[in-house]
Structures are given as C-alpha cells and as structure tokens.
Amino acid sequence: MYKTGELVAQRIESYCRTWRLWIENAEGVISGDSIMSADSSMQATSLSDDIELGAVCSQSWNMTISDTETAFLGKEYDTYLYLMDYETDGILADEKIPMGRFTCVKSKKSGGSVQLTMADRLYFSDKPYVPHIPMPNWNKAVEDDICRQLGLQNGNDYTEVRLLRDKNGRRLIDKNGKVLYSKYFYFKVGSVPKDVTMRQMLSYLASAQGEFGYVDRYGKYVRKWYGKSVKTLDNNTIDLPTLSERQNVIVGIICKVSDDVTLSLGVTDTTQGRVLEFENPYMTESLLQSLWRRIGGFSWYTTELYHRLGDPRFDIGDVVTYTSGADSYDIPITNLGFTFDGGLSADISAVGLSVEEQL
C-alpha cells in the first residue's frame, strides 16, 4: 500500500474530495479537466476464478481526453492521481500519487476527444524469449535480460540476504533444522523451452519463488505474495460485499516439472481445500519446500466489493480486512479496477473457487 502525507490520507477518507488525473512525459503534461474520464484494470492472476502462483499480468488504463492534436500512440507516460486543493485550485499538499508508467497502445479520435488505451511494458511480453545472455545462467540474470528487452527496470532486490519468514513472521526452517535465507531462491536456468515467451519465462521465475509478477507504480518489474492486512474496510465506505460461505485455504501444491516428474507438498486431495497446481521446468524439491513454507495455509474469502471511496494507495496483492461489526474477513486484492470521473471508485475482488467447485 502506497503511503501519502497525513493531509492527503485524511482527504482520501473523506466524501468531500475531487480527484484529477495527470499524465506526463518529456513532451509535456496533460491534466485537470483535459482528462475527462478513465478506468483501470489490474490483476494478480490470469485465471478468472482462482488465485495463482506465477501470474505475470499487464496493467492498463482506458482514458478519454479532450485533446485531438497530440499524437499519443507509442509514447510512454507517467500517470498520477491527485486531490484538488479547494483553496488554491491546485494540488493538495503538492502531492501526486504515482499510478504507473504506461505506453499508449491504442488511440481513437471521436468528435472533440480521443480514447486511449495505455498499458505497461508487460503488454509486449508475449513475444518469444530469445536470450541475450549466455545460457545456462542464474535466474536473476535471466530476469534482468527479459526486463531489458521489455524496457523495464528489474525492481527485485537480489542483493539483500535476509531470513525467510512465513506469513506470521516466524523464521522458516528446512527439514534438517537449517534456517532458510533468501539466497535459497537463486537457481540455475539450464535451457529455454522451445517457443517460450518472455511472459512465460517470468512466470516460471516468479512461481519458483512463490510469487506473482507485475509492474509497480514506478515502472519497475517486481514480484510479491500476499502478506498482512494493510487496511480495514467497513460499510461506511463500501457497498455490502459478496463473500464466499467459507474460507479458501491452501492445503497443498502440485508442480509439473516435466512429463516424467511431478513434485508435490501438503495435501493433494482437492476436497480438503485449495491445491495450487502449476508447471515449472526449473522447480526443485528445495525450491518447492521453501515456497510451500511461505504460502502453505494461506487463507482468504472469495469476495467482490464496490469501494465507493476508491483508494489509489491500494496495490495489487495488498490484503484488506472487511469488518461487518461482528465478523472480519481477510481479502487479498487479486483484481483492482478504478473508475475516475472527477470522483474515484474501485471494484475490488479476491478470486477463488466456489464452495460447489471445492466439494
């Protein structure tokens, strides 16, 4: 979750607020009333109905702008949201909230406006991956290589050696009693599968570390998994959500390494809870054990909710808590879509199989 100054944070929570979009590049700035409306789409899973390891999804904005003179197509823009200062008609606290770096991939003029589709650099990742580095090589080198080819900065920190911990903050220990460190996630990528795309390679590298990948607010490629709740929502700011009858709980993982090799940990009986299944030709027993200690037992409620006071500080992969007064529900944000028209609202969902599909 993005952190703002106190004044902006207070206004975000208020019904008395007016938002504006701001896009800029080296050629100039477009903001204020020029950006008439917009909506965004962000997700941490490529599946329509379930949480996923190794998803690598591009984020996008659709915008309507009252500017038919500028040539937008193919150009990259930094995108921000800011709150109006009612006293000066300027930017409240002079603080703009970064929302990402996007390339215009579609531009259609209609009347006195233009409709733009803006996407991050992962939009171009479905091209075949041809290594520009010697192979075999380490996973970091492969990830760096793909990011360079896509015009992205790799925002993942491989230099910091730190203790690995589970979702409750406890140190992770292997079966021999050794403390696990982040360096355990270094592994060799021997060869590149035939016809594999850059997106698929990034997916393999992310799932091997128990994470998903996306481009963050600053245009950097990063990986993450769901952590602790960052905010509590109640019925004062959201419409009554749709919640699953019972929690989803990850009880096992199954990884297909090749036609002859399949690795698994935990319970593999899908009637006992959620079993995540994925493919990864680089998976090893030690990698699987490390990621299982991080994600095993992760629980959430399948949810759909409408956030009337859309909060642009939320990031994909954040966890929020909904409280109805008597009960509380942890909701990992797997899908997040903002709608801007001077106001700002958000559709938030946590995907997951229905109760019937788990029986």
# chains A, B, ... in the order shown; residues from 1 in each chain; ligands from 1
>>> select_by_dssp(residues="range 122-282 of chain A", states="helix (DSSP H, G or I)", output="PyMOL selection string")
chain A and resi 122-124+139-150+182-185+198-207+270-272
>>> residues_around(residues="range 323-330 of chain A", least_positions_apart="3", cutoff="7 Å", atoms="only C-alpha atoms", output="PDB file with N, CA and C atoms, in the first residue's frame")
ATOM      1  N   LEU A 233     -11.760  -2.131   5.997  1.00  0.00           N
ATOM      2  CA  LEU A 233     -12.886  -1.503   5.315  1.00  0.00           C
ATOM      3  C   LEU A 233     -14.169  -1.845   6.044  1.00  0.00           C
ATOM      4  N   ASP A 234     -15.104  -0.904   6.061  1.00  0.00           N
ATOM      5  CA  ASP A 234     -16.402  -1.186   6.675  1.00  0.00           C
ATOM      6  C   ASP A 234     -17.498  -0.645   5.769  1.00  0.00           C
ATOM      7  N   TRP A 300      -8.230 -17.123   2.639  1.00  0.00           N
ATOM      8  CA  TRP A 300      -8.914 -15.911   2.227  1.00  0.00           C
ATOM      9  C   TRP A 300     -10.354 -16.244   1.858  1.00  0.00           C
ATOM     10  N   TYR A 301     -11.161 -15.195   1.763  1.00  0.00           N
ATOM     11  CA  TYR A 301     -12.543 -15.331   1.321  1.00  0.00           C
ATOM     12  C   TYR A 301     -12.667 -14.837  -0.122  1.00  0.00           C
ATOM     13  N   VAL A 319      -3.563  -6.938   1.037  1.00  0.00           N
ATOM     14  CA  VAL A 319      -4.653  -7.617   1.723  1.00  0.00           C
ATOM     15  C   VAL A 319      -5.407  -6.574   2.548  1.00  0.00           C
ATOM     16  N   VAL A 320      -6.724  -6.545   2.404  1.00  0.00           N
ATOM     17  CA  VAL A 320      -7.558  -5.668   3.224  1.00  0.00           C
ATOM     18  C   VAL A 320      -8.480  -6.534   4.073  1.00  0.00           C
TER      19      VAL A 320
END
>>> residues_around(residues="range 111-113 of chain A", least_positions_apart="6", cutoff="9 Å", atoms="only C-alpha atoms", output="JSON, numbers by chain")
{"A": [36, 64, 65, 66, 67, 68]}
>>> write_last_selection(atoms="all heavy atoms", output="PDB file, in the first residue's frame")
ATOM      1  N   MET A  36     -11.059  13.633 -19.156  1.00  0.00           N
ATOM      2  CA  MET A  36     -12.485  13.647 -18.827  1.00  0.00           C
ATOM      3  C   MET A  36     -12.906  12.448 -17.981  1.00  0.00           C
ATOM      4  O   MET A  36     -13.698  12.556 -17.052  1.00  0.00           O
ATOM      5  CB  MET A  36     -13.291  13.699 -20.122  1.00  0.00           C
ATOM      6  CG  MET A  36     -12.938  14.917 -20.987  1.00  0.00           C
ATOM      7  SD  MET A  36     -13.335  14.704 -22.748  1.00  0.00           S
ATOM      8  CE  MET A  36     -15.103  14.492 -22.681  1.00  0.00           C
ATOM      9  N   THR A  64     -10.304   8.947 -21.637  1.00  0.00           N
ATOM     10  CA  THR A  64     -10.911   9.849 -22.616  1.00  0.00           C
ATOM     11  C   THR A  64     -10.359  11.234 -22.355  1.00  0.00           C
ATOM     12  O   THR A  64     -10.509  11.778 -21.253  1.00  0.00           O
ATOM     13  CB  THR A  64     -12.441   9.856 -22.496  1.00  0.00           C
ATOM     14  OG1 THR A  64     -12.943   8.537 -22.726  1.00  0.00           O
ATOM     15  CG2 THR A  64     -13.050  10.810 -23.519  1.00  0.00           C
ATOM     16  N   ILE A  65      -9.710  11.810 -23.370  1.00  0.00           N
ATOM     17  CA  ILE A  65      -9.007  13.082 -23.215  1.00  0.00           C
ATOM     18  C   ILE A  65      -9.509  14.059 -24.265  1.00  0.00           C
ATOM     19  O   ILE A  65      -9.683  13.705 -25.437  1.00  0.00           O
ATOM     20  CB  ILE A  65      -7.486  12.877 -23.356  1.00  0.00           C
ATOM     21  CG1 ILE A  65      -6.979  11.947 -22.252  1.00  0.00           C
ATOM     22  CG2 ILE A  65      -6.741  14.203 -23.320  1.00  0.00           C
ATOM     23  CD1 ILE A  65      -5.491  11.657 -22.328  1.00  0.00           C
ATOM     24  N   SER A  66      -9.738  15.288 -23.842  1.00  0.00           N
ATOM     25  CA  SER A  66     -10.208  16.318 -24.776  1.00  0.00           C
ATOM     26  C   SER A  66      -9.002  16.974 -25.454  1.00  0.00           C
ATOM     27  O   SER A  66      -8.718  18.161 -25.272  1.00  0.00           O
ATOM     28  CB  SER A  66     -11.035  17.368 -24.032  1.00  0.00           C
ATOM     29  OG  SER A  66     -10.265  17.951 -22.984  1.00  0.00           O
ATOM     30  N   ASP A  67      -8.278  16.176 -26.203  1.00  0.00           N
ATOM     31  CA  ASP A  67      -7.084  16.655 -26.906  1.00  0.00           C
ATOM     32  C   ASP A  67      -6.931  15.825 -28.176  1.00  0.00           C
ATOM     33  O   ASP A  67      -6.546  14.666 -28.128  1.00  0.00           O
ATOM     34  CB  ASP A  67      -5.853  16.494 -26.007  1.00  0.00           C
ATOM     35  CG  ASP A  67      -4.566  16.975 -26.671  1.00  0.00           C
ATOM     36  OD1 ASP A  67      -4.581  17.208 -27.892  1.00  0.00           O
ATOM     37  OD2 ASP A  67      -3.554  17.109 -25.966  1.00  0.00           O
ATOM     38  N   THR A  68      -7.269  16.441 -29.308  1.00  0.00           N
ATOM     39  CA  THR A  68      -7.195  15.705 -30.572  1.00  0.00           C
ATOM     40  C   THR A  68      -5.961  16.095 -31.390  1.00  0.00           C
ATOM     41  O   THR A  68      -5.772  15.623 -32.505  1.00  0.00           O
ATOM     42  CB  THR A  68      -8.454  15.962 -31.419  1.00  0.00           C
ATOM     43  OG1 THR A  68      -8.583  17.377 -31.643  1.00  0.00           O
ATOM     44  CG2 THR A  68      -9.697  15.442 -30.712  1.00  0.00           C
TER      45      THR A  68
END
>>> residues_around(residues="range 256-265 of chain A", least_positions_apart="3", cutoff="8 Å", atoms="only C-alpha atoms", output="list in words")
Gly252, Ile253, Thr268, Glu277, Phe278, Glu279, Asn280, Pro281, Tyr282, Met283, Glu285, Leu288, Gln289 and Trp292 of chain A
>>> residues_around(residues="Asp126 in chain A", least_positions_apart="3", cutoff="7 Å", atoms="only C-alpha atoms", output="list in words")
Thr197, Met198 and Arg199 of chain A
>>> select_by_dssp(residues="range 30-154 of chain A", states="strand (DSSP E or B)", output="ChimeraX atom specification")
/A:30-31,35-43,56,60-65,76-85,90-110,113-119,128,137-138,153-154
>>> residues_around(residues="Asn236 in chain A", least_positions_apart="5", cutoff="10 Å", atoms="only C-alpha atoms", output="short mmCIF file (atom, residue, chain, number, x, y, z; two decimals) with N, CA, C and O atoms, in the first residue's frame")
data_model
loop_
_atom_site.label_atom_id
_atom_site.label_comp_id
_atom_site.auth_asym_id
_atom_site.auth_seq_id
_atom_site.Cartn_x
_atom_site.Cartn_y
_atom_site.Cartn_z
N HIS A 307 -15.97 -0.29 -3.77
CA HIS A 307 -15.43 0.68 -2.84
C HIS A 307 -15.84 2.07 -3.31
O HIS A 307 -15.27 2.61 -4.26
N ARG A 308 -16.83 2.63 -2.64
CA ARG A 308 -17.33 3.94 -3.06
C ARG A 308 -16.26 5.01 -2.98
O ARG A 308 -16.17 5.88 -3.85
N LEU A 309 -15.47 4.99 -1.91
CA LEU A 309 -14.36 5.91 -1.76
C LEU A 309 -13.08 5.22 -2.25
O LEU A 309 -12.25 4.76 -1.46
#
>>> closest_residue(among="A:Asp341, A:Ala206, A:Gly155, A:Pro193", to="Gly32 in chain A", atoms="only C-alpha atoms")
A:Asp341
>>> closest_residue(among="A:Glu304, A:Glu69, A:Asp195, A:Glu143", to="Leu240 in chain A", atoms="only C-alpha atoms")
A:Glu304
>>> closest_residue(among="A:Met135, A:Leu53, A:Leu7, A:Ile146", to="Thr334 in chain A", atoms="only C-alpha atoms")
A:Leu53
>>> closest_residue(among="A:Ser203, A:Ser14, A:Thr339, A:Ser299", to="Thr45 in chain A", atoms="only C-alpha atoms")
A:Ser203
>>> residues_around(residues="Thr302 in chain A", least_positions_apart="4", cutoff="6 Å", atoms="only C-alpha atoms", output="JSON, numbers by chain")
{"A": [243, 244, 350, 351, 352]}
>>> atom_distance(atom1="CA of Ile23 in chain A", atom2="CA of Gly317 in chain A")
24.3 Å
>>> atom_distance(atom1="CA of Arg101 in chain A", atom2="CA of Lys127 in chain A")
20.2 Å
>>> closest_residue(among="A:Ser345, A:Asn156, A:Gln247, A:Gln272", to="Lys224 in chain A", atoms="only C-alpha atoms")
A:Asn156
>>> closest_residue(among="A:Leu344, A:Ala93, A:Leu122, A:Ile316", to="Gly227 in chain A", atoms="only C-alpha atoms")
A:Ile316
>>> atom_distance(atom1="CA of Ala55 in chain A", atom2="CA of Ser191 in chain A")
21.0 Å
